[in-house]
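Step one of this worksheet: look at the structure below.
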Amino acid sequence: MNLHLFIAGTGGVGKALMSQIRHKHGFLMQHQEINIVVHGIINSRFMRLSRQGISLHEPLEEGSEWKEADLTDFIDFIKQRRIPNAVFADLTASDRVAATYLDLLQNGIHVVACNKIACSAPMSHYAKLKAASKESGAVFLYNTNVGAALPYLQSIRQLYLAGERIDRIEAILSGTLSYIFGRYDGTIPFAHIVRDAHQAGYTEPDPRIDLQGIDVMRKLLILCREVEIPLEEHDIIKTSFLPESCLRGSIDDFYHALLHHEECFKQRYVETQAQCGKLKYIASYCDGKASVGLQCVPPQHPTFNLSPKDNILLVYSENYLSPLAITGAGAGGQGTAMGVLSDIVSVALSMRTVTLLH
């Protein structure tokens with residue numbers, strides 16, 4: 001089976017995905033009879049489209065085949081040529097790219113996304129995406145939205161589809177925040193640890209996005225929607241640990257404000273130590289209430305000994321009174337790319353199943 005792939009995004013995840021497709025091509029052909037052919041690549045500056053296919057051995061953005069990026073032309077190319085088995089993979093964090101999903105799905109084009117914007121949009125738009133996928137038969141997969149390559153969405157979705165009653169969800173969904181609070185012990189200023197994480201590439205370009213828990217809120221929203229809990233972002237209670245002054249001004253102003261409030265962070269750490277606890281940024285859902293925020297967890301809590309860079313999902317249900325726990329690295333370019341590639345292969349397998357049934 002030929003799978004015709006169009007890739008949006010050539011950052012860390014995009015490059016990793018193209019490398020993995022190149023290296024796993026022989027395995028996929030031999031074991032799954034899947035031949036992934038890349039026909040289009042676009043980023044914020046340039047794009048390339050080819051009816052014959054693009055060699056992933058060639059350097060990006062080199063040669064006359066690369067044109068100035070035009071997202072509308074890129075999408076039109078896919079739609080107008082009615083390419084069979086076409087898959088659009090969004091590896092960006094762009095709202096403009098996420099806004100194309102509905103059009104693509106309505107035109108029978110499969111969509112795989114690690115971009116969280118579409119699935120955390122207002123519930124009305126999320127419902128339209130699901131309806132378009134069902135009506136056209138185009139597969140819409142976004143398993144890397146939460147936990148990168150970890151099977152968070154697949155696992156909770158399968159439980160729900162089997163009729164399992166989900167009673168409670170508890171999770172640590174930010175490797176960035178785990179890393180920061182795992183390192184902070186009051187001996188090095190909190191601002192310095194945040195800056196180290198920023199320079200190491202663990203945070204968003206503006207670290208306040210991570211520290212405000214915006215990314216965690218979106219992930220919790222998507223998790224809940226997978227089990228038919230129709231939450232909106234404003235339904236999630238967010239308890240901020242940042243003083244208001246840290247949210248204003250430039251990034252340099254932000255770091256100055258963090259240093260100014262160092263005693264606040266140190267006091268929070270000292271109080272936590274006095275309770276023999278650890279600081280964890282936790283997302284939770286229970287009895288119709290969803291929240292994200294920094295908590296002091298006791299030694300018996302399942303997240304207490306979690307590695308600083310790991311995520312964890314805890315699902316409590318009627319048959320999992322002790323929670324179903326899935327733990328591991330929930331971020332990183334290679335892991336996310338592997339999750340995207342897994343979704344792409346799942347598209348091919350689902351198409352093969354449909355063909356057999358007919």
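If you're wondering about the labels, chains in the structure tokens are A, B, ... by order shown, residues count from 1 in each chain, ligands from 1 in order shown.
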Range 216-259 of chain A: which residues are strand (DSSP E or B) by DSSP, as a ChimeraX atom specification? /A:236-239
Output file for the selection above: all heavy atoms, as a PDB file, in the first residue's frame:
```
ATOM      1  N   ILE A 236     -11.821  24.510  33.613  1.00  0.00           N
ATOM      2  CA  ILE A 236     -10.706  23.969  34.394  1.00  0.00           C
ATOM      3  C   ILE A 236     -10.213  25.004  35.400  1.00  0.00           C
ATOM      4  O   ILE A 236      -9.865  26.134  35.030  1.00  0.00           O
ATOM      5  CB  ILE A 236      -9.554  23.531  33.469  1.00  0.00           C
ATOM      6  CG1 ILE A 236     -10.043  22.444  32.494  1.00  0.00           C
ATOM      7  CG2 ILE A 236      -8.370  23.016  34.278  1.00  0.00           C
ATOM      8  CD1 ILE A 236      -9.019  22.030  31.464  1.00  0.00           C
ATOM      9  N   ILE A 237     -10.205  24.617  36.646  1.00  0.00           N
ATOM     10  CA  ILE A 237      -9.732  25.511  37.712  1.00  0.00           C
ATOM     11  C   ILE A 237      -8.199  25.524  37.693  1.00  0.00           C
ATOM     12  O   ILE A 237      -7.564  24.473  37.754  1.00  0.00           O
ATOM     13  CB  ILE A 237     -10.238  25.036  39.084  1.00  0.00           C
ATOM     14  CG1 ILE A 237     -11.762  25.017  39.116  1.00  0.00           C
ATOM     15  CG2 ILE A 237      -9.695  25.921  40.197  1.00  0.00           C
ATOM     16  CD1 ILE A 237     -12.345  24.258  40.291  1.00  0.00           C
ATOM     17  N   LYS A 238      -7.645  26.722  37.597  1.00  0.00           N
ATOM     18  CA  LYS A 238      -6.187  26.843  37.541  1.00  0.00           C
ATOM     19  C   LYS A 238      -5.704  27.639  38.744  1.00  0.00           C
ATOM     20  O   LYS A 238      -6.136  28.767  38.976  1.00  0.00           O
ATOM     21  CB  LYS A 238      -5.742  27.545  36.253  1.00  0.00           C
ATOM     22  CG  LYS A 238      -4.222  27.711  36.136  1.00  0.00           C
ATOM     23  CD  LYS A 238      -3.834  28.213  34.753  1.00  0.00           C
ATOM     24  CE  LYS A 238      -4.282  29.614  34.499  1.00  0.00           C
ATOM     25  NZ  LYS A 238      -3.484  30.608  35.277  1.00  0.00           N
ATOM     26  N   THR A 239      -4.826  27.022  39.524  1.00  0.00           N
ATOM     27  CA  THR A 239      -4.229  27.695  40.681  1.00  0.00           C
ATOM     28  C   THR A 239      -2.804  28.082  40.313  1.00  0.00           C
ATOM     29  O   THR A 239      -1.939  27.226  40.147  1.00  0.00           O
ATOM     30  CB  THR A 239      -4.225  26.776  41.912  1.00  0.00           C
ATOM     31  OG1 THR A 239      -5.555  26.312  42.158  1.00  0.00           O
ATOM     32  CG2 THR A 239      -3.715  27.520  43.133  1.00  0.00           C
TER      33      THR A 239
END
```
As a ChimeraX atom specification, please: the residues near range 119-123 of chain A (cut-off 12 Å, only C-alpha atoms, same-chain neighbours under 6 positions excluded). /A:95,98-99,101-102,112-113,129-130,140-146,214-226,228-235
Save the residues we just selected, C-alpha atoms, as a CSV table (one decimal), in the first residue's frame?
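Dumped to part07.csv:
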```csv
chain,number,residue,atom,x,y,z
A,95,ASP,CA,-3.1,27.9,14.8
A,98,ALA,CA,-4.6,23.6,12.8
A,99,ALA,CA,-7.4,25.6,11.2
A,101,TYR,CA,-8.0,20.2,9.5
A,102,LEU,CA,-11.8,20.6,9.0
A,112,VAL,CA,-2.4,13.2,12.0
A,113,ALA,CA,-1.4,15.9,14.5
A,129,LEU,CA,-13.7,17.7,13.4
A,130,LYS,CA,-15.0,14.4,14.8
A,140,PHE,CA,-8.2,11.9,12.5
A,141,LEU,CA,-5.4,10.8,14.9
A,142,TYR,CA,-3.7,13.0,17.5
A,143,ASN,CA,-2.4,10.6,20.1
A,144,THR,CA,0.8,12.6,20.5
A,145,ASN,CA,-1.3,15.6,21.8
A,146,VAL,CA,-0.9,14.2,25.3
A,214,ILE,CA,-1.5,26.5,29.8
A,215,ASP,CA,-0.1,23.5,28.0
A,216,VAL,CA,-1.2,21.2,30.9
A,217,MET,CA,-4.7,22.6,30.8
A,218,ARG,CA,-5.0,21.8,27.1
A,219,LYS,CA,-3.7,18.2,27.6
A,220,LEU,CA,-6.2,17.6,30.5
A,221,LEU,CA,-9.0,19.0,28.3
A,222,ILE,CA,-8.1,16.6,25.5
A,223,LEU,CA,-7.9,13.6,27.9
A,224,CYS,CA,-11.3,14.3,29.3
A,225,ARG,CA,-12.9,14.8,25.8
A,226,GLU,CA,-11.6,11.3,24.8
A,228,GLU,CA,-17.0,12.1,26.4
A,229,ILE,CA,-16.5,14.7,29.1
A,230,PRO,CA,-17.3,17.9,27.2
A,231,LEU,CA,-15.1,20.3,29.0
A,232,GLU,CA,-14.1,23.8,27.9
A,233,GLU,CA,-10.9,25.5,28.9
A,234,HIS,CA,-12.8,27.9,31.2
A,235,ASP,CA,-14.2,24.9,33.1
```
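Closest approach to Gly328 in chain A among A:Leu258, A:Leu173, A:Val111, A:Ala283: A:Leu173, based on only C-alpha atoms.
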Can you list, as a PyMOL selection string, all residues belonging to range 227-324 of chain A that DSSP tags as alpha helix (DSSP H)? chain A and resi 251-260+262-274
Using only C-alpha atoms, determine which residues lie at most 9 Å from range 131-135 of chain A, disregarding the query and same-chain residues fewer than 3 positions distant; provide the list as a PDB file with N, CA and C atoms, in the first residue's frame.
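The result, stored in out-v3.pdb:
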```pdb
ATOM      1  N   LEU A 102     -10.373  20.853   9.358  1.00  0.00           N
ATOM      2  CA  LEU A 102     -11.766  20.613   9.012  1.00  0.00           C
ATOM      3  C   LEU A 102     -11.934  20.495   7.497  1.00  0.00           C
ATOM      4  N   ASP A 103     -11.311  21.403   6.774  1.00  0.00           N
ATOM      5  CA  ASP A 103     -11.360  21.368   5.312  1.00  0.00           C
ATOM      6  C   ASP A 103     -10.762  20.066   4.782  1.00  0.00           C
ATOM      7  N   LEU A 105     -10.370  17.115   6.360  1.00  0.00           N
ATOM      8  CA  LEU A 105     -11.195  15.963   6.722  1.00  0.00           C
ATOM      9  C   LEU A 105     -12.465  15.909   5.874  1.00  0.00           C
ATOM     10  N   GLN A 106     -13.075  17.055   5.627  1.00  0.00           N
ATOM     11  CA  GLN A 106     -14.284  17.096   4.794  1.00  0.00           C
ATOM     12  C   GLN A 106     -14.006  16.636   3.373  1.00  0.00           C
ATOM     13  N   ASN A 107     -12.749  16.768   2.943  1.00  0.00           N
ATOM     14  CA  ASN A 107     -12.358  16.342   1.610  1.00  0.00           C
ATOM     15  C   ASN A 107     -11.753  14.945   1.596  1.00  0.00           C
ATOM     16  N   GLY A 108     -11.923  14.217   2.705  1.00  0.00           N
ATOM     17  CA  GLY A 108     -11.482  12.828   2.751  1.00  0.00           C
ATOM     18  C   GLY A 108      -9.996  12.633   2.929  1.00  0.00           C
ATOM     19  N   ILE A 109      -9.298  13.656   3.416  1.00  0.00           N
ATOM     20  CA  ILE A 109      -7.849  13.575   3.613  1.00  0.00           C
ATOM     21  C   ILE A 109      -7.571  13.286   5.091  1.00  0.00           C
ATOM     22  N   HIS A 110      -6.827  12.232   5.354  1.00  0.00           N
ATOM     23  CA  HIS A 110      -6.504  11.836   6.724  1.00  0.00           C
ATOM     24  C   HIS A 110      -5.602  12.890   7.378  1.00  0.00           C
ATOM     25  N   TYR A 126     -14.289  21.124  18.007  1.00  0.00           N
ATOM     26  CA  TYR A 126     -13.831  19.742  18.207  1.00  0.00           C
ATOM     27  C   TYR A 126     -14.882  18.767  17.685  1.00  0.00           C
ATOM     28  N   ALA A 127     -16.150  19.043  17.978  1.00  0.00           N
ATOM     29  CA  ALA A 127     -17.239  18.171  17.524  1.00  0.00           C
ATOM     30  C   ALA A 127     -17.334  18.162  15.998  1.00  0.00           C
ATOM     31  N   LYS A 128     -17.099  19.307  15.364  1.00  0.00           N
ATOM     32  CA  LYS A 128     -17.132  19.380  13.901  1.00  0.00           C
ATOM     33  C   LYS A 128     -16.026  18.516  13.284  1.00  0.00           C
ATOM     34  N   ALA A 138     -12.351   9.855   6.615  1.00  0.00           N
ATOM     35  CA  ALA A 138     -10.952  10.235   6.804  1.00  0.00           C
ATOM     36  C   ALA A 138     -10.570  10.045   8.271  1.00  0.00           C
ATOM     37  N   VAL A 139      -9.432   9.436   8.513  1.00  0.00           N
ATOM     38  CA  VAL A 139      -8.982   9.163   9.884  1.00  0.00           C
ATOM     39  C   VAL A 139      -8.365  10.431  10.473  1.00  0.00           C
ATOM     40  N   PHE A 140      -8.709  10.730  11.731  1.00  0.00           N
ATOM     41  CA  PHE A 140      -8.151  11.867  12.454  1.00  0.00           C
ATOM     42  C   PHE A 140      -7.507  11.337  13.728  1.00  0.00           C
TER      43      PHE A 140
END
```
For Phe74 in chain A: contacts at 12 Å, only C-alpha atoms, fewer than 5 positions along chain excluded, given as a PDB file with N, CA, C and O atoms, in the first residue's frame:
```
ATOM      1  N   PHE A   6       2.014  14.325   3.448  1.00  0.00           N
ATOM      2  CA  PHE A   6       2.311  15.759   3.359  1.00  0.00           C
ATOM      3  C   PHE A   6       2.642  16.234   4.770  1.00  0.00           C
ATOM      4  O   PHE A   6       1.845  16.032   5.694  1.00  0.00           O
ATOM      5  N   ILE A   7       3.804  16.837   4.940  1.00  0.00           N
ATOM      6  CA  ILE A   7       4.319  17.186   6.259  1.00  0.00           C
ATOM      7  C   ILE A   7       4.346  18.697   6.448  1.00  0.00           C
ATOM      8  O   ILE A   7       4.905  19.430   5.618  1.00  0.00           O
ATOM      9  N   ALA A   8       3.756  19.166   7.541  1.00  0.00           N
ATOM     10  CA  ALA A   8       3.838  20.573   7.932  1.00  0.00           C
ATOM     11  C   ALA A   8       4.705  20.664   9.176  1.00  0.00           C
ATOM     12  O   ALA A   8       4.379  20.066  10.210  1.00  0.00           O
ATOM     13  N   HIS A  39       5.082  13.648  -0.457  1.00  0.00           N
ATOM     14  CA  HIS A  39       4.803  14.475  -1.636  1.00  0.00           C
ATOM     15  C   HIS A  39       4.868  15.970  -1.333  1.00  0.00           C
ATOM     16  O   HIS A  39       4.854  16.774  -2.264  1.00  0.00           O
ATOM     17  N   GLY A  40       4.880  16.334  -0.070  1.00  0.00           N
ATOM     18  CA  GLY A  40       4.902  17.748   0.263  1.00  0.00           C
ATOM     19  C   GLY A  40       5.504  18.009   1.622  1.00  0.00           C
ATOM     20  O   GLY A  40       5.308  17.233   2.559  1.00  0.00           O
ATOM     21  N   ILE A  41       6.277  19.093   1.700  1.00  0.00           N
ATOM     22  CA  ILE A  41       6.870  19.541   2.962  1.00  0.00           C
ATOM     23  C   ILE A  41       6.710  21.054   3.020  1.00  0.00           C
ATOM     24  O   ILE A  41       7.013  21.758   2.045  1.00  0.00           O
ATOM     25  N   ILE A  42       6.243  21.562   4.145  1.00  0.00           N
ATOM     26  CA  ILE A  42       6.088  23.012   4.300  1.00  0.00           C
ATOM     27  C   ILE A  42       6.507  23.417   5.708  1.00  0.00           C
ATOM     28  O   ILE A  42       6.267  22.685   6.672  1.00  0.00           O
ATOM     29  N   ASN A  43       7.153  24.581   5.801  1.00  0.00           N
ATOM     30  CA  ASN A  43       7.413  25.199   7.099  1.00  0.00           C
ATOM     31  C   ASN A  43       6.997  26.664   7.003  1.00  0.00           C
ATOM     32  O   ASN A  43       6.289  27.042   6.056  1.00  0.00           O
ATOM     33  N   PHE A  46       9.401  28.089   3.652  1.00  0.00           N
ATOM     34  CA  PHE A  46       9.470  27.465   2.332  1.00  0.00           C
ATOM     35  C   PHE A  46       8.573  26.236   2.257  1.00  0.00           C
ATOM     36  O   PHE A  46       8.149  25.688   3.277  1.00  0.00           O
ATOM     37  N   MET A  47       8.320  25.809   1.018  1.00  0.00           N
ATOM     38  CA  MET A  47       7.579  24.577   0.826  1.00  0.00           C
ATOM     39  C   MET A  47       8.049  23.899  -0.458  1.00  0.00           C
ATOM     40  O   MET A  47       8.645  24.529  -1.348  1.00  0.00           O
ATOM     41  N   ARG A  48       7.770  22.624  -0.532  1.00  0.00           N
ATOM     42  CA  ARG A  48       8.079  21.857  -1.735  1.00  0.00           C
ATOM     43  C   ARG A  48       6.960  20.849  -1.963  1.00  0.00           C
ATOM     44  O   ARG A  48       6.510  20.180  -1.022  1.00  0.00           O
ATOM     45  N   LEU A  49       6.510  20.751  -3.208  1.00  0.00           N
ATOM     46  CA  LEU A  49       5.463  19.813  -3.590  1.00  0.00           C
ATOM     47  C   LEU A  49       5.935  19.012  -4.791  1.00  0.00           C
ATOM     48  O   LEU A  49       6.602  19.550  -5.683  1.00  0.00           O
ATOM     49  N   SER A  50       5.614  17.726  -4.799  1.00  0.00           N
ATOM     50  CA  SER A  50       6.056  16.865  -5.901  1.00  0.00           C
ATOM     51  C   SER A  50       5.054  15.744  -6.129  1.00  0.00           C
ATOM     52  O   SER A  50       4.646  15.068  -5.181  1.00  0.00           O
ATOM     53  N   LYS A  67       9.867  26.561  -2.880  1.00  0.00           N
ATOM     54  CA  LYS A  67       9.235  27.843  -3.145  1.00  0.00           C
ATOM     55  C   LYS A  67       8.881  28.527  -1.827  1.00  0.00           C
ATOM     56  O   LYS A  67       8.929  27.916  -0.761  1.00  0.00           O
ATOM     57  N   GLU A  68       8.510  29.797  -1.934  1.00  0.00           N
ATOM     58  CA  GLU A  68       8.053  30.507  -0.746  1.00  0.00           C
ATOM     59  C   GLU A  68       6.806  29.826  -0.200  1.00  0.00           C
ATOM     60  O   GLU A  68       5.917  29.431  -0.956  1.00  0.00           O
ATOM     61  N   ALA A  69       6.742  29.676   1.099  1.00  0.00           N
ATOM     62  CA  ALA A  69       5.631  28.960   1.723  1.00  0.00           C
ATOM     63  C   ALA A  69       4.306  29.664   1.485  1.00  0.00           C
ATOM     64  O   ALA A  69       4.190  30.886   1.658  1.00  0.00           O
ATOM     65  N   LYS A  79      -5.929  18.757  -2.102  1.00  0.00           N
ATOM     66  CA  LYS A  79      -7.359  18.577  -2.383  1.00  0.00           C
ATOM     67  C   LYS A  79      -7.639  18.409  -3.872  1.00  0.00           C
ATOM     68  O   LYS A  79      -8.380  17.508  -4.274  1.00  0.00           O
ATOM     69  N   GLN A  80      -7.048  19.260  -4.704  1.00  0.00           N
ATOM     70  CA  GLN A  80      -7.405  19.289  -6.117  1.00  0.00           C
ATOM     71  C   GLN A  80      -6.935  18.052  -6.870  1.00  0.00           C
ATOM     72  O   GLN A  80      -7.564  17.647  -7.844  1.00  0.00           O
ATOM     73  N   ARG A  81      -5.849  17.470  -6.437  1.00  0.00           N
ATOM     74  CA  ARG A  81      -5.340  16.285  -7.132  1.00  0.00           C
ATOM     75  C   ARG A  81      -5.991  14.997  -6.649  1.00  0.00           C
ATOM     76  O   ARG A  81      -5.755  13.928  -7.203  1.00  0.00           O
ATOM     77  N   PHE A  88      -2.132  14.130   5.907  1.00  0.00           N
ATOM     78  CA  PHE A  88      -1.533  15.406   6.274  1.00  0.00           C
ATOM     79  C   PHE A  88      -1.051  15.295   7.713  1.00  0.00           C
ATOM     80  O   PHE A  88      -1.838  14.991   8.615  1.00  0.00           O
ATOM     81  N   VAL A  97      -2.222  26.374  10.777  1.00  0.00           N
ATOM     82  CA  VAL A  97      -2.184  25.003  10.257  1.00  0.00           C
ATOM     83  C   VAL A  97      -3.328  24.190  10.865  1.00  0.00           C
ATOM     84  O   VAL A  97      -4.024  23.454  10.161  1.00  0.00           O
ATOM     85  N   THR A 100      -6.762  24.226   9.238  1.00  0.00           N
ATOM     86  CA  THR A 100      -7.005  23.548   7.954  1.00  0.00           C
ATOM     87  C   THR A 100      -7.606  22.150   8.122  1.00  0.00           C
ATOM     88  O   THR A 100      -8.064  21.556   7.148  1.00  0.00           O
ATOM     89  N   LEU A 104      -9.642  19.671   5.314  1.00  0.00           N
ATOM     90  CA  LEU A 104      -8.981  18.445   4.876  1.00  0.00           C
ATOM     91  C   LEU A 104      -9.853  17.222   5.146  1.00  0.00           C
ATOM     92  O   LEU A 104     -10.055  16.373   4.267  1.00  0.00           O
TER      93      LEU A 104
END
```
Close residues, range 184-191 of chain A itself excluded, 10 Å, only C-alpha atoms, min 5 positions apart in chain, as JSON, numbers by chain: {"A": [179, 196, 197, 254, 255, 256, 257, 258, 259, 260, 261, 262, 263, 264, 265, 266, 267, 268, 269, 270, 273, 279]}
For N, CA, C and O atoms, I'd like the residues from the last selection saved as a CSV table (one decimal), in the first residue's frame.
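File produced: result-v3.csv:
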```
chain,number,residue,atom,x,y,z
A,179,TYR,N,10.8,18.8,35.7
A,179,TYR,CA,12.2,19.1,35.7
A,179,TYR,C,12.6,20.2,36.6
A,179,TYR,O,13.5,20.2,37.4
A,196,ASP,N,17.9,27.9,33.0
A,196,ASP,CA,18.6,26.7,32.6
A,196,ASP,C,17.7,25.8,31.7
A,196,ASP,O,18.1,25.3,30.7
A,197,ALA,N,16.5,25.6,32.2
A,197,ALA,CA,15.5,24.8,31.4
A,197,ALA,C,15.2,25.4,30.1
A,197,ALA,O,15.1,24.7,29.1
A,254,PHE,N,10.5,39.2,33.2
A,254,PHE,CA,10.0,38.0,33.9
A,254,PHE,C,11.1,37.4,34.8
A,254,PHE,O,10.9,37.0,35.9
A,255,TYR,N,12.3,37.2,34.3
A,255,TYR,CA,13.4,36.7,35.1
A,255,TYR,C,13.8,37.6,36.3
A,255,TYR,O,14.1,37.1,37.4
A,256,HIS,N,13.7,38.9,36.0
A,256,HIS,CA,14.0,39.8,37.1
A,256,HIS,C,12.9,39.7,38.2
A,256,HIS,O,13.2,39.7,39.4
A,257,ALA,N,11.7,39.5,37.8
A,257,ALA,CA,10.6,39.3,38.8
A,257,ALA,C,10.7,38.0,39.5
A,257,ALA,O,10.5,38.0,40.7
A,258,LEU,N,11.1,37.0,38.8
A,258,LEU,CA,11.3,35.7,39.5
A,258,LEU,C,12.4,35.8,40.6
A,258,LEU,O,12.2,35.3,41.8
A,259,LEU,N,13.5,36.5,40.3
A,259,LEU,CA,14.6,36.7,41.3
A,259,LEU,C,14.0,37.6,42.5
A,259,LEU,O,14.4,37.3,43.6
A,260,HIS,N,13.2,38.6,42.2
A,260,HIS,CA,12.7,39.5,43.2
A,260,HIS,C,11.8,38.7,44.2
A,260,HIS,O,11.8,39.0,45.4
A,261,HIS,N,11.1,37.6,43.7
A,261,HIS,CA,10.2,36.8,44.5
A,261,HIS,C,10.8,35.5,45.0
A,261,HIS,O,10.1,34.6,45.4
A,262,GLU,N,12.2,35.4,45.0
A,262,GLU,CA,12.8,34.2,45.3
A,262,GLU,C,12.4,33.7,46.7
A,262,GLU,O,12.2,32.5,46.9
A,263,GLU,N,12.2,34.6,47.7
A,263,GLU,CA,11.8,34.2,49.0
A,263,GLU,C,10.4,33.4,49.0
A,263,GLU,O,10.2,32.5,49.8
A,264,CYS,N,9.6,33.8,48.1
A,264,CYS,CA,8.3,33.2,48.0
A,264,CYS,C,8.4,31.7,47.6
A,264,CYS,O,7.8,30.8,48.2
A,265,PHE,N,9.3,31.5,46.6
A,265,PHE,CA,9.5,30.1,46.1
A,265,PHE,C,10.2,29.3,47.2
A,265,PHE,O,9.9,28.1,47.4
A,266,LYS,N,11.2,29.9,47.8
A,266,LYS,CA,11.9,29.2,48.9
A,266,LYS,C,11.0,28.8,50.0
A,266,LYS,O,11.1,27.7,50.6
A,267,GLN,N,10.1,29.8,50.4
A,267,GLN,CA,9.2,29.5,51.5
A,267,GLN,C,8.3,28.3,51.2
A,267,GLN,O,8.0,27.5,52.0
A,268,ARG,N,7.8,28.3,49.9
A,268,ARG,CA,6.9,27.2,49.5
A,268,ARG,C,7.7,25.8,49.5
A,268,ARG,O,7.1,24.8,50.0
A,269,TYR,N,9.0,25.9,49.2
A,269,TYR,CA,9.8,24.6,49.2
A,269,TYR,C,10.0,24.2,50.7
A,269,TYR,O,9.8,23.0,51.0
A,270,VAL,N,10.3,25.2,51.6
A,270,VAL,CA,10.5,24.8,53.0
A,270,VAL,C,9.3,24.2,53.6
A,270,VAL,O,9.3,23.3,54.4
A,273,GLN,N,8.9,20.7,52.4
A,273,GLN,CA,9.8,19.8,53.1
A,273,GLN,C,9.4,19.5,54.6
A,273,GLN,O,9.6,18.3,55.0
A,279,LEU,N,7.0,18.9,45.6
A,279,LEU,CA,6.1,19.8,44.8
A,279,LEU,C,5.9,19.2,43.4
A,279,LEU,O,6.9,18.8,42.7
```
Nearest to Gly14 in chain A, chosen from A:Asp90, A:Glu33, A:Glu58, A:Asp310, with only C-alpha atoms counted in the distances: A:Asp90
Contact residues around Gly147 in chain A with only C-alpha atoms at 8 Å, ignoring same-chain residues under 6 positions, as a list of chain:residue names: A:Leu173, A:Asn311, A:Ala329, A:Gly330, A:Ala331
Would you mind exporting N, CA, C and O atoms of the selected residues as a PDB file, in the first residue's frame?
```pdb
ATOM      1  N   LEU A 173       1.656  16.067  33.456  1.00  0.00           N
ATOM      2  CA  LEU A 173       1.660  16.139  32.003  1.00  0.00           C
ATOM      3  C   LEU A 173       2.679  17.133  31.446  1.00  0.00           C
ATOM      4  O   LEU A 173       2.654  17.440  30.258  1.00  0.00           O
ATOM      5  N   ASN A 311       6.542  11.852  32.727  1.00  0.00           N
ATOM      6  CA  ASN A 311       5.120  12.113  32.921  1.00  0.00           C
ATOM      7  C   ASN A 311       4.463  10.858  33.479  1.00  0.00           C
ATOM      8  O   ASN A 311       5.013   9.766  33.378  1.00  0.00           O
ATOM      9  N   ALA A 329       8.807   9.077  29.521  1.00  0.00           N
ATOM     10  CA  ALA A 329       9.157  10.389  28.967  1.00  0.00           C
ATOM     11  C   ALA A 329       8.025  10.872  28.074  1.00  0.00           C
ATOM     12  O   ALA A 329       7.678  10.222  27.095  1.00  0.00           O
ATOM     13  N   GLY A 330       7.452  12.006  28.421  1.00  0.00           N
ATOM     14  CA  GLY A 330       6.295  12.509  27.688  1.00  0.00           C
ATOM     15  C   GLY A 330       6.603  13.677  26.799  1.00  0.00           C
ATOM     16  O   GLY A 330       5.711  14.453  26.446  1.00  0.00           O
ATOM     17  N   ALA A 331       7.847  13.825  26.409  1.00  0.00           N
ATOM     18  CA  ALA A 331       8.234  14.931  25.531  1.00  0.00           C
ATOM     19  C   ALA A 331       9.492  14.518  24.775  1.00  0.00           C
ATOM     20  O   ALA A 331      10.020  13.424  24.960  1.00  0.00           O
TER      21      ALA A 331
END
```
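Neighbouring residues of range 313-325 of chain A at 7 Å or closer, counting only C-alpha atoms and skipping chain neighbours under 6 positions away, are Tyr152, Glu164, Arg165, Ile166, Asp167, Arg168, Ile169, Glu170, Ala171 and Ile172 of chain A.
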